[in-house]
$ cat data.cif   # mmCIF, C-alpha atoms
data_data
#
loop_
_atom_site.group_PDB
_atom_site.id
_atom_site.type_symbol
_atom_site.label_atom_id
_atom_site.label_comp_id
_atom_site.auth_asym_id
_atom_site.auth_seq_id
_atom_site.Cartn_x
_atom_site.Cartn_y
_atom_site.Cartn_z
ATOM 1 C CA MET A 120 11.326 -3.262 -44.126
ATOM 2 C CA ILE A 121 12.246 -3.337 -47.803
ATOM 3 C CA PRO A 122 11.023 -6.555 -49.499
ATOM 4 C CA GLU A 123 14.497 -7.273 -50.874
ATOM 5 C CA THR A 124 15.936 -7.105 -47.360
ATOM 6 C CA GLN A 125 13.288 -9.484 -46.051
ATOM 7 C CA THR A 126 14.084 -11.924 -48.851
ATOM 8 C CA ILE A 127 17.805 -11.824 -48.094
ATOM 9 C CA ILE A 128 17.228 -12.308 -44.354
ATOM 10 C CA ALA A 129 14.837 -15.217 -45.014
ATOM 11 C CA ALA A 130 17.305 -16.848 -47.422
ATOM 12 C CA LEU A 131 20.188 -16.549 -44.949
ATOM 13 C CA GLY A 132 18.006 -17.855 -42.118
ATOM 14 C CA GLY A 133 16.917 -20.815 -44.234
ATOM 15 C CA PHE A 134 20.507 -21.531 -45.210
ATOM 16 C CA ILE A 135 21.696 -21.488 -41.596
ATOM 17 C CA LEU A 136 18.761 -23.643 -40.490
ATOM 18 C CA GLY A 137 19.577 -26.077 -43.304
ATOM 19 C CA LEU A 138 23.194 -26.308 -42.142
ATOM 20 C CA ILE A 139 22.068 -27.056 -38.590
ATOM 21 C CA VAL A 140 19.661 -29.775 -39.745
ATOM 22 C CA LEU A 141 22.346 -31.253 -42.016
ATOM 23 C CA ALA A 142 24.851 -31.370 -39.142
ATOM 24 C CA LEU A 143 22.302 -33.082 -36.896
ATOM 25 C CA VAL A 144 21.405 -35.684 -39.539
ATOM 26 C CA MET A 145 25.074 -36.397 -40.232
ATOM 27 C CA LYS A 146 25.819 -36.745 -36.511
ATOM 28 C CA LEU A 147 23.049 -39.325 -36.195
ATOM 29 C CA ALA A 148 23.658 -41.211 -39.460
ATOM 30 C CA VAL A 149 27.442 -41.449 -39.760
ATOM 31 C CA PRO A 150 28.146 -43.885 -36.891
ATOM 32 C CA GLY A 151 25.987 -46.526 -38.604
ATOM 33 C CA MET A 152 27.878 -46.120 -41.886
ATOM 34 C CA ILE A 153 31.342 -46.756 -40.489
ATOM 35 C CA ILE A 154 32.929 -50.139 -41.221
ATOM 36 C CA HIS A 155 33.706 -51.961 -37.994
ATOM 37 C CA GLU A 156 36.863 -54.034 -38.075
ATOM 38 C CA THR A 157 37.409 -57.043 -35.853
ATOM 39 C CA LYS A 158 40.523 -59.119 -35.507
ATOM 40 C CA SER A 159 40.132 -62.649 -36.828
ATOM 41 C CA PRO A 160 40.965 -65.427 -34.356
ATOM 42 C CA TYR A 161 42.443 -67.429 -37.273
ATOM 43 C CA ASP A 162 45.591 -66.993 -39.327
ATOM 44 C CA PHE A 163 45.380 -65.356 -42.758
ATOM 45 C CA ASN A 164 44.800 -68.494 -44.849
ATOM 46 C CA THR A 165 42.132 -69.889 -42.513
ATOM 47 C CA THR A 166 40.371 -66.518 -42.472
ATOM 48 C CA VAL A 167 40.305 -66.340 -46.288
ATOM 49 C CA GLU A 168 39.040 -69.927 -46.549
ATOM 50 C CA THR A 169 36.315 -69.232 -43.974
ATOM 51 C CA ILE A 170 35.167 -66.091 -45.784
ATOM 52 C CA ILE A 171 35.071 -67.900 -49.136
ATOM 53 C CA ALA A 172 33.178 -70.829 -47.611
ATOM 54 C CA ASN A 173 30.575 -68.484 -46.085
ATOM 55 C CA LEU A 174 30.076 -66.441 -49.262
ATOM 56 C CA TRP A 175 29.569 -69.373 -51.656
#
$ encode --input "data.cif" --output "structure tokens"
Amino acid sequence: MIPETQTIIAALGGFILGLIVLALVMKLAVPGMIIHETKSPYDFNTTVETIIANLW
């Protein structure tokens, strides 16, 4: 095979392998990065006061 052809095939193979690894890493990492929302059992003002009290 011509060396240039081998280089192109290796580069394309590496690129495709990189895309597969990237997709796998994203599939595993993204669920932990999502913000989980929960409904507060309190009304708005009580919720804000509770958050402020817990932060300071």
$ atom_distance --input "data.cif" --atom1 "CA of Gly137 in chain A" --atom2 "CA of Ile121 in chain A"
24.3 Å
$ atom_distance --input "data.cif" --atom1 "CA of Phe163 in chain A" --atom2 "CA of Trp175 in chain A"
18.6 Å
$ atom_distance --input "data.cif" --atom1 "CA of Leu143 in chain A" --atom2 "CA of Thr124 in chain A"
28.7 Å
